[in-house]
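Single-structure report; data block below.
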Amino acid sequence: RAGPTPGMDLTDEVAVVTGGSSGIGRETAIRMAERGADVVIADVREEPRIPDSAGGAQDPRPTHEYIDAETDREAHFVECDVRQLSDLEIAVEAAESLGGIDVMVNNAGVFRTIPFAEIDEGEYATVMDINAKGVFFGAQAAAAAMDEGAIVNLSSIAARHGTGNHPVYSASKAAVRNVTKSMADALGPEIRVNCVLPGVIDTAMTREDTHTVGGERAERYEEEIPLGRFGDPGDVADAVCFLASDAARYVSGAGLAIDGGLSAV
């Protein structure tokens, strides 16, 4: 696997990554450890979610086990449902055993492809609670334990436009983008708060839940991307590491699109 991009040092930082067992969250946690951070992996499941199409190409070890074995940093797993404030507080408390939280990455999220007319109250609540409420209270729990540091939230380019097949997802990610600005204002100057807006990233979610990658719509989507390919989790992870590091010391309230130029066309 490719090593970390130079210039984004996180030596002796302690990070909490929600949804850190799979996909973007997993790659973010690993790359933070490669840059010198100890990491708490907060997720509802310990085992990584590997798409069927990946075969044996993806390492099956849980993220914390991979970090412990392949880097010189320490990693802990904490079972965490981001809809529960108490779980988020436990995840932040776990960072105390590593020296105290410096970086919070609110990554956990779900995607649902359901037409507008078919969405019920339960579905609406699930998506909004995980994608928007989880980010809000994850940031709140982290900020309460930080003297200074960085918070990075995961939004989406869906925040910039809505579609009929995932309106609640789009709404939840727009909420993340907007509340990031509010958090930056409320928590500065001690804590910087930013978000990234991924485009089509090759993960288990995009392959199995949305079928955007590896499905019938894949070729059309890929042709629309100016850089000519889908993103991989490392493309987003590097951006998160940048925003968490001193390389972004004068960046707060920003929303960085990681989409191969898709939102520009």
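Numbering starts fresh at 1 for the residues of each chain in the structure tokens, the chains themselves are lettered A, B, ... in the order given, and ligands are numbered from 1 as they appear.
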
* To do: Identify all residues of segment 10-225 of chain A in helix (DSSP H, G or I) (DSSP on the backbone) and supply them as number ranges by chain.
  => A: 23-34, 52-54, 63-70, 85-96, 116-118, 121-145, 157-160, 167-187, 204-209, 218-224

List the spatial neighbours of Ile201 of chain A as a JSON list (two decimals) with N, CA and C atoms, in the first residue's frame - criterion: any atom at most 7 Å away, only C-alpha atoms, same-chain residues fewer than 2 positions off excluded.
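What follows is the written file result.json:
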[["chain", "number", "residue", "atom", "x", "y", "z"],
["A", 198, "PRO", "N", -16.50, 14.35, 0.28],
["A", 198, "PRO", "CA", -16.10, 13.34, -0.71],
["A", 198, "PRO", "C", -17.11, 13.24, -1.85],
["A", 199, "GLY", "N", -16.58, 12.86, -3.01],
["A", 199, "GLY", "CA", -17.42, 12.52, -4.14],
["A", 199, "GLY", "C", -17.66, 11.02, -4.16],
["A", 203, "THR", "N", -15.73, 2.35, -1.88],
["A", 203, "THR", "CA", -15.83, 1.70, -0.57],
["A", 203, "THR", "C", -16.92, 0.63, -0.64],
["A", 206, "THR", "N", -20.31, 2.32, -1.34],
["A", 206, "THR", "CA", -20.65, 2.71, -2.71],
["A", 206, "THR", "C", -20.82, 1.51, -3.62],
["A", 230, "PHE", "N", -12.83, 7.05, -10.11],
["A", 230, "PHE", "CA", -13.42, 7.16, -8.79],
["A", 230, "PHE", "C", -12.31, 7.41, -7.77],
["A", 231, "GLY", "N", -12.67, 8.00, -6.66],
["A", 231, "GLY", "CA", -11.70, 8.19, -5.59],
["A", 231, "GLY", "C", -11.50, 6.91, -4.80],
["A", 232, "ASP", "N", -10.39, 6.84, -4.09],
["A", 232, "ASP", "CA", -10.21, 5.75, -3.14],
["A", 232, "ASP", "C", -10.15, 6.34, -1.74],
["A", 233, "PRO", "N", -10.35, 5.53, -0.71],
["A", 233, "PRO", "CA", -10.39, 6.07, 0.65],
["A", 233, "PRO", "C", -9.17, 6.89, 1.03]]

* List every residue of segment 130-252 of chain A that DSSP, applied to the backbone, labels as strand (DSSP E), and write the result as an NGL selection string. => :A and (149-154 or 191-198)

Emit the selected residues as a compact mmCIF listing (two decimals), in the first residue's frame, including N, CA and C atoms.
# COMPACT_ATOMS: atom_id res chain seq x y z
N GLY A 149 -7.02 21.90 19.52
CA GLY A 149 -6.99 20.75 18.63
C GLY A 149 -7.75 21.00 17.36
N ALA A 150 -8.14 19.91 16.69
CA ALA A 150 -8.82 20.01 15.40
C ALA A 150 -9.96 19.00 15.33
N ILE A 151 -11.04 19.42 14.73
CA ILE A 151 -12.19 18.56 14.45
C ILE A 151 -12.40 18.54 12.95
N VAL A 152 -12.54 17.33 12.39
CA VAL A 152 -12.81 17.20 10.96
C VAL A 152 -14.09 16.39 10.80
N ASN A 153 -15.06 16.97 10.13
CA ASN A 153 -16.35 16.32 9.90
C ASN A 153 -16.44 15.81 8.47
N LEU A 154 -17.14 14.72 8.28
CA LEU A 154 -17.34 14.16 6.94
C LEU A 154 -18.70 14.58 6.41
N ILE A 191 -9.80 25.68 18.89
CA ILE A 191 -10.10 24.47 18.13
C ILE A 191 -10.50 24.85 16.71
N ARG A 192 -9.82 24.25 15.75
CA ARG A 192 -10.17 24.44 14.34
C ARG A 192 -11.18 23.37 13.93
N VAL A 193 -12.17 23.77 13.15
CA VAL A 193 -13.20 22.82 12.69
C VAL A 193 -13.37 22.96 11.19
N ASN A 194 -13.22 21.85 10.49
CA ASN A 194 -13.37 21.83 9.04
C ASN A 194 -14.13 20.58 8.62
N CYS A 195 -14.51 20.52 7.35
CA CYS A 195 -15.12 19.30 6.84
C CYS A 195 -14.61 18.99 5.45
N VAL A 196 -14.70 17.73 5.09
CA VAL A 196 -14.40 17.32 3.72
C VAL A 196 -15.70 16.84 3.08
N LEU A 197 -15.76 17.02 1.76
CA LEU A 197 -16.94 16.65 1.00
C LEU A 197 -16.52 15.63 -0.07
N PRO A 198 -16.50 14.35 0.28
CA PRO A 198 -16.10 13.34 -0.71
C PRO A 198 -17.11 13.24 -1.85

* **Distance criterion (only C-alpha atoms): nearest to Pro62 of chain A out of A:Ala142, A:Ala15, A:Ala42, A:Val127** =>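 Smallest separation from Pro62 of chain A among the options: A:Ala42.
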
* Do a neighbour search on segment 100-107 of chain A at 9 Å with only C-alpha atoms, toss out local chain neighbours closer than 5 positions, and write the hits as a PyMOL selection string. => chain A and resi 13-20+24-25+28+92-95+131+134-136+138-139+142-143+145-155+240+244-245

For segment 110-193 of chain A versus segment 260-265 of chain A, which residues have an atom no more than 10 Å away, and what is each residue's nearest atom pair and distance in Å rounded to one decimal, using only C-alpha atoms, chain-then-number order, as CSV?
residue,atom,partner,partner_atom,distance
A:Ile157,CA,A:Ser263,CA,6.7
A:Ala158,CA,A:Ser263,CA,9.2
A:Arg160,CA,A:Ser263,CA,8.2
A:His161,CA,A:Ser263,CA,9.3

Residue selection dump (N, CA and C atoms) as a PDB file, in the first residue's frame:
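The new file selection_16.pdb reads:
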ATOM      1  N   ILE A 157     -20.327  15.750  -1.302  1.00  0.00           N
ATOM      2  CA  ILE A 157     -20.733  16.687  -2.349  1.00  0.00           C
ATOM      3  C   ILE A 157     -22.248  16.671  -2.539  1.00  0.00           C
ATOM      4  N   ALA A 158     -22.921  15.660  -1.958  1.00  0.00           N
ATOM      5  CA  ALA A 158     -24.395  15.662  -1.969  1.00  0.00           C
ATOM      6  C   ALA A 158     -24.959  16.827  -1.173  1.00  0.00           C
ATOM      7  N   ARG A 160     -24.260  19.768  -1.671  1.00  0.00           N
ATOM      8  CA  ARG A 160     -24.370  20.902  -2.586  1.00  0.00           C
ATOM      9  C   ARG A 160     -25.538  20.783  -3.559  1.00  0.00           C
ATOM     10  N   HIS A 161     -26.149  19.620  -3.601  1.00  0.00           N
ATOM     11  CA  HIS A 161     -27.291  19.430  -4.495  1.00  0.00           C
ATOM     12  C   HIS A 161     -28.120  18.266  -3.961  1.00  0.00           C
TER      13      HIS A 161
END

* Asked: Smallest atom-to-atom distance to Cys80 of chain A: which of A:Asp68, A:Glu190, A:Asp43, A:Asp38, using only C-alpha atoms?
  ->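 Checking each candidate against Cys80 of chain A, we get A:Asp43 as the closest.
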
* **Among the residues A:Leu243, A:Ala33, A:Ala204, A:Val40, the one that comes closest to Arg73 of chain A [using only C-alpha atoms]** =>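 Among the listed residues, A:Ala33 lies closest to Arg73 of chain A.
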